[in-house]
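run15.cif (mmCIF, C-alpha atoms)
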data_data
loop_
_atom_site.label_atom_id
_atom_site.label_comp_id
_atom_site.auth_asym_id
_atom_site.auth_seq_id
_atom_site.Cartn_x
_atom_site.Cartn_y
_atom_site.Cartn_z
CA MET B 1 0.00 0.00 0.00
CA SER B 2 1.44 3.37 -1.02
CA THR B 3 2.42 6.06 1.46
CA PRO B 4 1.20 9.68 1.16
CA LEU B 5 4.64 10.66 -0.13
CA GLN B 6 4.53 8.05 -2.90
CA ILE B 7 1.02 9.07 -3.95
CA LEU B 8 1.94 12.76 -4.08
CA HIS B 9 5.07 12.34 -6.20
CA PRO B 10 3.11 12.42 -9.52
CA ASP B 11 1.69 15.80 -8.39
CA ALA B 12 5.16 17.36 -8.22
CA GLU B 13 5.62 20.84 -9.68
CA PRO B 14 8.59 23.22 -10.06
CA VAL B 15 9.28 25.91 -7.51
CA PRO B 16 6.98 28.84 -8.42
CA ASP B 17 8.81 31.55 -10.35
CA TRP B 18 8.01 34.23 -7.79
CA LEU B 19 9.45 32.08 -4.98
CA ALA B 20 12.62 31.27 -6.92
CA ALA B 21 13.16 34.99 -7.52
CA TYR B 22 12.22 36.18 -4.00
CA HIS B 23 14.99 38.05 -2.17
CA SER B 24 15.57 38.48 1.53
CA GLY B 25 13.54 41.23 3.18
CA ALA B 26 11.15 41.70 0.26
CA PRO B 27 7.51 42.40 1.21
CA PHE B 28 4.99 39.58 1.48
CA PRO B 29 3.92 38.86 -2.14
CA ARG B 30 0.25 38.31 -1.41
CA GLU B 31 -1.16 37.84 -4.90
CA ALA B 32 1.61 35.47 -6.03
CA PHE B 33 1.52 33.51 -2.79
CA PHE B 34 -2.23 32.87 -2.84
CA ALA B 35 -2.15 32.04 -6.55
CA SER B 36 0.17 29.14 -5.68
CA ARG B 37 -0.71 25.71 -4.37
CA ILE B 38 -1.20 26.05 -0.62
CA LEU B 39 -1.50 23.58 2.25
CA TYR B 40 -3.53 25.00 5.13
CA TYR B 41 -2.96 23.67 8.65
CA PRO B 42 -5.27 24.94 11.43
CA GLY B 43 -4.05 24.26 14.97
CA SER B 44 -0.59 23.70 13.54
CA ALA B 45 1.76 24.68 16.35
CA THR B 46 5.16 24.34 14.62
CA ASP B 47 4.53 20.86 13.23
CA GLY B 48 6.79 20.22 10.22
CA HIS B 49 5.14 16.95 9.14
CA PRO B 50 3.22 18.44 6.17
CA ILE B 51 6.51 19.82 4.85
CA SER B 52 8.09 16.37 5.13
CA VAL B 53 5.17 14.93 3.11
CA PHE B 54 3.90 17.55 0.63
CA GLY B 55 7.15 19.51 0.47
CA LYS B 56 9.36 16.46 0.12
CA ALA B 57 7.12 15.29 -2.76
CA HIS B 58 7.52 18.73 -4.41
CA ALA B 59 3.70 18.87 -4.53
CA VAL B 60 3.37 22.02 -2.38
CA HIS B 61 5.83 24.87 -1.83
CA CYS B 62 3.58 27.25 0.16
CA PHE B 63 2.11 26.59 3.60
CA VAL B 64 -0.27 28.54 5.83
CA TYR B 65 -0.07 27.64 9.52
CA ALA B 66 -2.67 29.01 11.94
CA ASP B 67 -2.41 28.65 15.71
CA SER B 68 -3.30 31.04 18.52
CA GLY B 69 -1.33 29.18 21.20
CA PHE B 70 2.19 30.19 20.16
CA SER B 71 3.91 33.52 20.51
CA LYS B 72 5.62 35.32 17.69
CA ALA B 73 8.90 35.15 19.62
CA GLU B 74 8.67 31.34 19.86
CA LEU B 75 8.09 31.00 16.13
CA GLU B 76 10.90 33.38 15.24
CA ARG B 77 13.30 31.46 17.47
CA GLN B 78 12.32 28.17 15.86
CA LEU B 79 12.71 29.52 12.34
CA THR B 80 15.99 31.37 12.87
CA ASN B 81 17.83 28.74 14.92
CA PRO B 82 18.88 25.66 12.89
CA ALA B 83 19.66 23.86 16.17
CA ASP B 84 16.06 24.18 17.38
CA HIS B 85 14.36 20.77 17.30
CA GLU B 86 11.36 22.30 15.48
CA HIS B 87 13.44 23.99 12.77
CA PRO B 88 12.74 22.52 9.30
CA MET B 89 15.53 20.00 8.84
CA GLY B 90 17.87 20.60 5.91
CA TYR B 91 16.71 24.21 5.38
CA SER B 92 18.04 27.61 6.36
CA LEU B 93 16.06 30.81 6.79
CA LEU B 94 16.41 33.13 3.80
CA SER B 95 13.93 35.79 4.89
CA LEU B 96 11.50 36.56 7.70
CA VAL B 97 9.13 39.54 7.49
CA ASP B 98 6.16 40.77 9.50
CA VAL B 99 2.83 40.82 7.67
CA ALA B 100 0.13 43.33 8.61
CA GLU B 101 -3.56 42.44 8.54
CA ARG B 102 -4.12 44.91 5.69
CA GLU B 103 -1.57 42.96 3.63
CA LEU B 104 -3.47 39.72 4.18
CA THR B 105 -6.92 41.16 3.50
CA PRO B 106 -6.37 44.45 1.63
CA ARG B 107 -10.07 44.72 0.73
CA GLY B 108 -11.22 43.65 4.18
CA TRP B 109 -13.17 40.45 4.71
CA THR B 110 -16.69 39.32 5.50
CA PRO B 111 -17.16 36.68 8.24
CA HIS B 112 -19.38 33.79 7.15
CA ALA B 113 -19.91 32.36 10.63
CA THR B 114 -20.44 33.70 14.12
CA LEU B 115 -17.68 32.41 16.37
CA THR B 116 -18.46 32.28 20.06
CA PRO B 117 -16.30 30.47 22.64
CA ASP B 118 -17.63 27.52 24.64
CA SER B 119 -18.19 28.84 28.13
CA ASP B 120 -16.67 25.76 29.83
CA ARG B 121 -13.39 25.85 27.90
CA HIS B 122 -10.93 28.42 29.21
CA PHE B 123 -8.57 27.40 26.39
CA ALA B 124 -11.00 29.03 23.96
CA THR B 125 -9.89 32.48 25.04
CA THR B 126 -6.18 31.74 24.54
CA ARG B 127 -4.42 34.33 22.40
CA PRO B 128 -0.75 34.86 21.61
CA PRO B 129 0.80 36.95 24.42
CA GLU B 130 1.51 39.84 22.06
CA GLY B 131 -1.86 39.54 20.29
CA PRO B 132 -2.64 38.28 16.77
CA PHE B 133 0.24 38.40 14.32
CA ALA B 134 1.44 37.11 10.97
CA ILE B 135 4.98 36.38 9.80
CA PHE B 136 6.17 35.23 6.38
CA ALA B 137 9.22 32.98 6.14
CA VAL B 138 11.13 31.78 3.09
CA LEU B 139 13.41 28.81 3.62
CA GLU B 140 16.21 27.69 1.34
CA ARG B 141 17.47 24.11 1.06
CA ASN B 142 20.99 23.60 2.39
CA PRO B 143 23.64 22.95 -0.28
CA ASP B 144 24.43 19.48 1.13
CA ARG B 145 20.86 18.33 0.30
CA ASN B 146 19.34 17.41 -3.07
CA ASP B 147 15.86 17.14 -4.60
CA ASP B 148 15.20 13.90 -2.73
CA HIS B 149 15.09 15.95 0.46
CA GLY B 150 12.64 18.53 -0.90
CA PRO B 151 12.46 21.62 -3.13
CA THR B 152 15.09 24.33 -3.20
CA ARG B 153 12.72 26.79 -1.50
CA LEU B 154 9.65 26.74 0.73
CA ALA B 155 7.37 29.57 1.90
CA ILE B 156 5.46 29.53 5.19
CA LEU B 157 2.90 32.08 6.35
CA HIS B 158 2.41 31.73 10.13
CA ILE B 159 -0.80 33.27 11.50
CA GLY B 160 -1.11 33.78 15.23
CA GLY B 161 -4.89 33.50 15.24
CA ASP B 162 -7.94 31.27 15.23
CA GLY B 163 -8.03 28.40 12.72
CA TYR B 164 -11.64 28.96 11.60
CA ALA B 165 -11.46 32.74 11.27
CA THR B 166 -8.15 32.54 9.40
CA PHE B 167 -9.63 30.02 6.96
CA ASP B 168 -12.66 32.24 6.40
CA ALA B 169 -10.65 35.43 5.91
CA LEU B 170 -8.01 33.99 3.58
CA PHE B 171 -9.81 31.30 1.60
CA CYS B 172 -13.59 31.89 1.72
CA GLN B 173 -13.93 35.43 0.40
CA LYS B 174 -15.35 36.40 -2.98
CA ASN B 175 -12.04 36.73 -4.82
CA SER B 176 -10.21 33.90 -3.06
CA ARG B 177 -9.91 30.18 -3.66
CA LEU B 178 -9.78 27.19 -1.32
CA PRO B 179 -6.41 25.59 -0.49
CA TYR B 180 -4.96 22.80 -2.59
CA ALA B 181 -4.57 20.68 0.55
CA ILE B 182 -5.53 20.80 4.24
CA LEU B 183 -4.14 18.97 7.26
CA LEU B 184 -6.90 17.96 9.67
CA GLN B 185 -6.15 16.98 13.26
CA ASP B 186 -8.63 17.47 16.09
CA HIS B 187 -6.37 17.87 19.08
CA GLY B 188 -9.22 18.29 21.57
CA PHE B 189 -7.60 21.23 23.32
CA GLY B 190 -6.41 24.73 22.89
CA GLY B 191 -6.94 27.85 20.94
CA ASN B 192 -10.04 27.60 18.75
CA TRP B 193 -13.44 29.06 19.36
CA ASN B 194 -15.49 25.90 19.70
CA ARG B 195 -15.22 22.14 20.09
CA ASP B 196 -16.50 21.56 16.55
CA GLY B 197 -13.09 20.35 15.44
CA PHE B 198 -11.75 20.54 11.91
CA GLY B 199 -12.73 17.15 10.51
CA SER B 200 -16.05 15.52 9.62
CA ASP B 201 -18.89 18.00 8.86
CA SER B 202 -17.28 20.67 11.03
CA LEU B 203 -17.46 24.43 10.68
CA LEU B 204 -14.33 24.30 8.54
CA TRP B 205 -16.04 21.96 6.07
CA ARG B 206 -19.23 24.07 6.12
CA LEU B 207 -17.24 27.21 5.32
CA ALA B 208 -15.63 25.44 2.37
CA GLN B 209 -19.01 24.22 1.14
CA GLN B 210 -20.49 27.70 1.46
CA LYS B 211 -17.56 29.17 -0.49
CA GLY B 212 -18.25 26.84 -3.40
CA GLY B 213 -15.90 26.20 -6.28
CA GLU B 214 -13.21 23.54 -6.38
CA MET B 215 -12.73 21.77 -3.06
CA PRO B 216 -9.23 20.93 -1.78
CA LYS B 217 -7.69 18.10 -3.78
CA TRP B 218 -6.03 16.50 -0.75
CA LEU B 219 -6.68 16.08 2.96
CA LEU B 220 -3.98 14.73 5.26
CA VAL B 221 -6.04 13.40 8.17
CA ALA B 222 -4.92 12.23 11.61
CA THR B 223 -7.10 9.15 11.48
CA GLY B 224 -6.54 8.22 15.12
CA ASN B 225 -8.62 11.14 16.37
CA THR B 226 -10.11 12.92 13.32
CA ARG B 227 -12.70 12.00 10.71
CA PRO B 228 -12.27 13.15 7.09
CA TRP B 229 -14.67 15.56 5.45
CA PRO B 230 -17.76 14.05 3.78
CA ASP B 231 -17.15 12.54 0.32
CA TYR B 232 -13.39 12.19 0.86
CA HIS B 233 -11.85 8.72 0.62
CA GLU B 234 -8.67 7.26 2.08
CA VAL B 235 -6.05 6.48 -0.56
CA SER B 236 -2.86 5.79 1.39
CA ALA B 237 -1.24 3.83 4.12
CA PRO B 238 -0.64 5.92 7.27
CA SER B 239 2.37 8.16 7.67
CA TYR B 240 3.74 8.65 11.16
CA GLY B 241 5.24 11.87 12.41
CA GLY B 242 4.25 15.32 13.44
CA MET B 243 2.25 16.34 16.47
CA HIS B 244 1.79 13.50 18.98
CA ASN B 245 3.02 11.05 16.30
CA VAL B 246 -0.61 10.26 15.38
CA PRO B 247 -0.94 8.25 12.13
CA ARG B 248 -2.02 10.40 9.20
CA SER B 249 -3.47 9.19 5.92
CA LEU B 250 -4.07 10.91 2.61
CA PHE B 251 -7.68 11.42 1.46
CA THR B 252 -9.10 12.73 -1.80
CA ALA B 253 -12.59 13.39 -3.14
CA SER B 254 -11.91 11.11 -6.11
CA THR B 255 -12.98 7.48 -5.69
CA GLU B 256 -10.10 6.31 -7.86
CA GLY B 257 -7.67 4.36 -5.71
CA ALA B 258 -9.87 4.62 -2.62
CA LEU B 259 -9.30 2.01 0.07
CA PRO B 260 -12.16 -0.38 0.90
CA GLN B 261 -14.41 0.95 3.62
#
Any chance you could put this one into structure tokens?
Amino acid sequence: MSTPLQILHPDAEPVPDWLAAYHSGAPFPREAFFASRILYYPGSATDGHPISVFGKAHAVHCFVYADSGFSKAELERQLTNPADHEHPMGYSLLSLVDVAERELTPRGWTPHATLTPDSDRHFATTRPPEGPFAIFAVLERNPDRNDDHGPTRLAILHIGGDGYATFDALFCQKNSRLPYAILLQDHGFGGNWNRDGFGSDSLLWRLAQQKGGEMPKWLLVATGNTRPWPDYHEVSAPSYGGMHNVPRSLFTASTEGALPQ
């Protein structure tokens, strides 16, 4: 049975031209970034597993991480220090820039859901110590690594904010499009506005349905504690790694190659 990495290899693409040409300290290239293939990861912490799957397969070069439980200082330390255990292995930081809210949503954005915290979950009010933030990092592969390790460059947009609201603001507006891939893991604690989770027929799925258009091609689902979205089918053996080392399998809306239920 094929692994997620093996299944994604035929979806490989070159490094986007804008990313190959990006230079250190340049502003966040919003239009080019969101026109690229993106993997979205709500409740991400600093989990590098999607990079070791989608990035290593050269299927995705751009990642959006959203988590309200980490400070900007923690993320900057992890990205700038190659010795940090969360630093993307085999890559060095080329550029790290702050991104203002107006750069993310220059025309503003319209919420499509009312988010209210569960009264019995104090974690629901967790916010980064310095308040919401966004940072854009470009990483360059170390010269002692080759294409088998991953692409020459990766781009990560870290949002210090709620996973549902970030998804709505960035991917569910009139002139936006849904991500190419999403990582779904329902941790059961911390940071988001309700206990709905991200898998199954959750608020995240309902926002995507309401947006309309082409749904994400791939879901990487932590099958030990998370159900896939409706109409998605498992197509891979599990891959271990990432947060809590929970097995994660690849799902797609296509029935071709689906595993028996």
Worksheet entry | Counting only C-alpha atoms, the option among B:Thr46, B:Ser2, B:Gln185, B:Ser92 closest to Leu157 in chain B |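 Under the stated criterion, the closest residue is B:Thr46.
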Discussion item. Restricting the calculation to all atoms listed in the file: of B:Asn142, B:Gln173, B:Ser236, B:Asn245, which residue gets closest to Gly48 in chain B?
Written reply: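 Residue with the minimum atom-to-atom distance to Gly48 in chain B: B:Asn245.
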Worksheet item: Selected by the PyMOL selection byres ((chain B and resi 111) around 12) in the shown coordinates: which residues, as a ChimeraX atom specification?
Response: /B:108-110,112-115,164-174,207,210-211
Dump of C-alpha atoms for the selected residues, as a PDB file, in the coordinates of the input:
ATOM      1  CA  GLY B 108     -11.220  43.650   4.180  1.00  0.00           C
ATOM      2  CA  TRP B 109     -13.170  40.450   4.710  1.00  0.00           C
ATOM      3  CA  THR B 110     -16.690  39.320   5.500  1.00  0.00           C
ATOM      4  CA  HIS B 112     -19.380  33.790   7.150  1.00  0.00           C
ATOM      5  CA  ALA B 113     -19.910  32.360  10.630  1.00  0.00           C
ATOM      6  CA  THR B 114     -20.440  33.700  14.120  1.00  0.00           C
ATOM      7  CA  LEU B 115     -17.680  32.410  16.370  1.00  0.00           C
ATOM      8  CA  TYR B 164     -11.640  28.960  11.600  1.00  0.00           C
ATOM      9  CA  ALA B 165     -11.460  32.740  11.270  1.00  0.00           C
ATOM     10  CA  THR B 166      -8.150  32.540   9.400  1.00  0.00           C
ATOM     11  CA  PHE B 167      -9.630  30.020   6.960  1.00  0.00           C
ATOM     12  CA  ASP B 168     -12.660  32.240   6.400  1.00  0.00           C
ATOM     13  CA  ALA B 169     -10.650  35.430   5.910  1.00  0.00           C
ATOM     14  CA  LEU B 170      -8.010  33.990   3.580  1.00  0.00           C
ATOM     15  CA  PHE B 171      -9.810  31.300   1.600  1.00  0.00           C
ATOM     16  CA  CYS B 172     -13.590  31.890   1.720  1.00  0.00           C
ATOM     17  CA  GLN B 173     -13.930  35.430   0.400  1.00  0.00           C
ATOM     18  CA  LYS B 174     -15.350  36.400  -2.980  1.00  0.00           C
ATOM     19  CA  LEU B 207     -17.240  27.210   5.320  1.00  0.00           C
ATOM     20  CA  GLN B 210     -20.490  27.700   1.460  1.00  0.00           C
ATOM     21  CA  LYS B 211     -17.560  29.170  -0.490  1.00  0.00           C
TER      22      LYS B 211
END
At a cut-off of 10 Å, using all atoms listed in the file, what residues contact Tyr41 in chain B? Leave out same-chain residues fewer than 2 positions from it and give the result as a PDB file with C-alpha atoms, keeping the file's coordinate frame.
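Final output, around.pdb:
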ATOM      1  CA  ILE B  38      -1.200  26.050  -0.620  1.00  0.00           C
ATOM      2  CA  LEU B  39      -1.500  23.580   2.250  1.00  0.00           C
ATOM      3  CA  GLY B  43      -4.050  24.260  14.970  1.00  0.00           C
ATOM      4  CA  SER B  44      -0.590  23.700  13.540  1.00  0.00           C
ATOM      5  CA  ALA B  45       1.760  24.680  16.350  1.00  0.00           C
ATOM      6  CA  ASP B  47       4.530  20.860  13.230  1.00  0.00           C
ATOM      7  CA  PRO B  50       3.220  18.440   6.170  1.00  0.00           C
ATOM      8  CA  PHE B  63       2.110  26.590   3.600  1.00  0.00           C
ATOM      9  CA  VAL B  64      -0.270  28.540   5.830  1.00  0.00           C
ATOM     10  CA  TYR B  65      -0.070  27.640   9.520  1.00  0.00           C
ATOM     11  CA  ALA B  66      -2.670  29.010  11.940  1.00  0.00           C
ATOM     12  CA  ASP B  67      -2.410  28.650  15.710  1.00  0.00           C
ATOM     13  CA  HIS B 158       2.410  31.730  10.130  1.00  0.00           C
ATOM     14  CA  GLY B 163      -8.030  28.400  12.720  1.00  0.00           C
ATOM     15  CA  PHE B 167      -9.630  30.020   6.960  1.00  0.00           C
ATOM     16  CA  PRO B 179      -6.410  25.590  -0.490  1.00  0.00           C
ATOM     17  CA  ALA B 181      -4.570  20.680   0.550  1.00  0.00           C
ATOM     18  CA  ILE B 182      -5.530  20.800   4.240  1.00  0.00           C
ATOM     19  CA  LEU B 183      -4.140  18.970   7.260  1.00  0.00           C
ATOM     20  CA  LEU B 184      -6.900  17.960   9.670  1.00  0.00           C
ATOM     21  CA  GLN B 185      -6.150  16.980  13.260  1.00  0.00           C
ATOM     22  CA  PHE B 198     -11.750  20.540  11.910  1.00  0.00           C
ATOM     23  CA  LEU B 220      -3.980  14.730   5.260  1.00  0.00           C
TER      24      LEU B 220
END
Worksheet item: When you draw a straight line from CA of Arg102 in chain B to CA of Arg77 in chain B, how long is it in Å?
Response: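 Calculated distance between CA of Arg102 in chain B and CA of Arg77 in chain B is 25.0 Å.
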Practice prompt. Compare B:Ala32, B:Cys62, B:Leu139, B:Ile51 by their minimum atom-to-atom distance to Pro82 in chain B, counting only C-alpha atoms, and give me the closest one.
Written response: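 So, comparing all the options, the nearest one is B:Leu139.
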Worksheet item: At what distance in Å, to one decimal, does CA of Val246 in chain B lie from CA of Glu214 in chain B?
Response: 28.4 Å
Worksheet item: From the set B:Thr152, B:Gln78, B:Asn146, B:Ser200, which residue has the shortest atom-to-atom contact distance to Pro14 in chain B, counting all atoms listed in the file?
Response: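 Ranked by minimum distance to Pro14 in chain B, first place goes to B:Thr152.
Reported to one decimal place, the separation of CA of Glu103 in chain B from CA of Ala26 in chain B is 13.2 Å.
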Write out N, CA and C atoms for range 165-189 of chain B, as an mmCIF file, in the coordinates of the input.
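And here's selection09.cif as it stands now:
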data_model
loop_
_atom_site.group_PDB
_atom_site.id
_atom_site.type_symbol
_atom_site.label_atom_id
_atom_site.label_comp_id
_atom_site.auth_asym_id
_atom_site.auth_seq_id
_atom_site.Cartn_x
_atom_site.Cartn_y
_atom_site.Cartn_z
ATOM 1 N N ALA B 165 -11.409 31.383 11.780
ATOM 2 C CA ALA B 165 -11.460 32.740 11.270
ATOM 3 C C ALA B 165 -10.402 32.978 10.195
ATOM 4 N N THR B 166 -9.211 32.405 10.400
ATOM 5 C CA THR B 166 -8.150 32.540 9.400
ATOM 6 C C THR B 166 -8.566 31.902 8.082
ATOM 7 N N PHE B 167 -9.155 30.711 8.158
ATOM 8 C CA PHE B 167 -9.630 30.020 6.960
ATOM 9 C C PHE B 167 -10.667 30.859 6.226
ATOM 10 N N ASP B 168 -11.603 31.416 6.981
ATOM 11 C CA ASP B 168 -12.660 32.240 6.400
ATOM 12 C C ASP B 168 -12.076 33.470 5.716
ATOM 13 N N ALA B 169 -11.193 34.171 6.427
ATOM 14 C CA ALA B 169 -10.650 35.430 5.910
ATOM 15 C C ALA B 169 -9.774 35.242 4.685
ATOM 16 N N LEU B 170 -8.982 34.171 4.654
ATOM 17 C CA LEU B 170 -8.010 33.990 3.580
ATOM 18 C C LEU B 170 -8.530 33.192 2.396
ATOM 19 N N PHE B 171 -9.453 32.256 2.646
ATOM 20 C CA PHE B 171 -9.810 31.300 1.600
ATOM 21 C C PHE B 171 -11.296 31.290 1.224
ATOM 22 N N CYS B 172 -12.137 31.990 1.963
ATOM 23 C CA CYS B 172 -13.590 31.890 1.720
ATOM 24 C C CYS B 172 -14.212 33.206 1.271
ATOM 25 N N GLN B 173 -13.401 34.158 0.877
ATOM 26 C CA GLN B 173 -13.930 35.430 0.400
ATOM 27 C C GLN B 173 -14.214 35.377 -1.101
ATOM 28 N N LYS B 174 -14.858 36.396 -1.596
ATOM 29 C CA LYS B 174 -15.350 36.400 -2.980
ATOM 30 C C LYS B 174 -14.240 36.169 -3.995
ATOM 31 N N ASN B 175 -13.105 36.809 -3.816
ATOM 32 C CA ASN B 175 -12.040 36.730 -4.820
ATOM 33 C C ASN B 175 -10.915 35.778 -4.412
ATOM 34 N N SER B 176 -11.213 34.846 -3.516
ATOM 35 C CA SER B 176 -10.210 33.900 -3.060
ATOM 36 C C SER B 176 -10.547 32.502 -3.559
ATOM 37 N N ARG B 177 -9.635 31.569 -3.321
ATOM 38 C CA ARG B 177 -9.910 30.180 -3.660
ATOM 39 C C ARG B 177 -9.470 29.292 -2.501
ATOM 40 N N LEU B 178 -10.074 28.117 -2.406
ATOM 41 C CA LEU B 178 -9.780 27.190 -1.320
ATOM 42 C C LEU B 178 -8.379 26.605 -1.491
ATOM 43 N N PRO B 179 -7.760 26.154 -0.390
ATOM 44 C CA PRO B 179 -6.410 25.590 -0.490
ATOM 45 C C PRO B 179 -6.383 24.323 -1.345
ATOM 46 N N TYR B 180 -5.215 24.034 -1.842
ATOM 47 C CA TYR B 180 -4.960 22.800 -2.590
ATOM 48 C C TYR B 180 -5.023 21.588 -1.671
ATOM 49 N N ALA B 181 -4.593 21.771 -0.422
ATOM 50 C CA ALA B 181 -4.570 20.680 0.550
ATOM 51 C C ALA B 181 -4.789 21.250 1.950
ATOM 52 N N ILE B 182 -5.310 20.414 2.844
ATOM 53 C CA ILE B 182 -5.530 20.800 4.240
ATOM 54 C C ILE B 182 -5.101 19.647 5.137
ATOM 55 N N LEU B 183 -4.437 19.966 6.240
ATOM 56 C CA LEU B 183 -4.140 18.970 7.260
ATOM 57 C C LEU B 183 -5.178 19.087 8.358
ATOM 58 N N LEU B 184 -5.839 17.975 8.665
ATOM 59 C CA LEU B 184 -6.900 17.960 9.670
ATOM 60 C C LEU B 184 -6.477 17.093 10.850
ATOM 61 N N GLN B 185 -6.389 17.719 12.024
ATOM 62 C CA GLN B 185 -6.150 16.980 13.260
ATOM 63 C C GLN B 185 -6.899 17.662 14.381
ATOM 64 N N ASP B 186 -7.835 16.933 14.990
ATOM 65 C CA ASP B 186 -8.630 17.470 16.090
ATOM 66 C C ASP B 186 -7.927 17.137 17.398
ATOM 67 N N HIS B 187 -7.199 18.105 17.906
ATOM 68 C CA HIS B 187 -6.370 17.870 19.080
ATOM 69 C C HIS B 187 -7.196 17.735 20.360
ATOM 70 N N GLY B 188 -8.381 18.375 20.381
ATOM 71 C CA GLY B 188 -9.220 18.290 21.570
ATOM 72 C C GLY B 188 -8.852 19.287 22.639
ATOM 73 N N PHE B 189 -7.923 20.196 22.343
ATOM 74 C CA PHE B 189 -7.600 21.230 23.320
ATOM 75 C C PHE B 189 -7.005 22.430 22.611
#
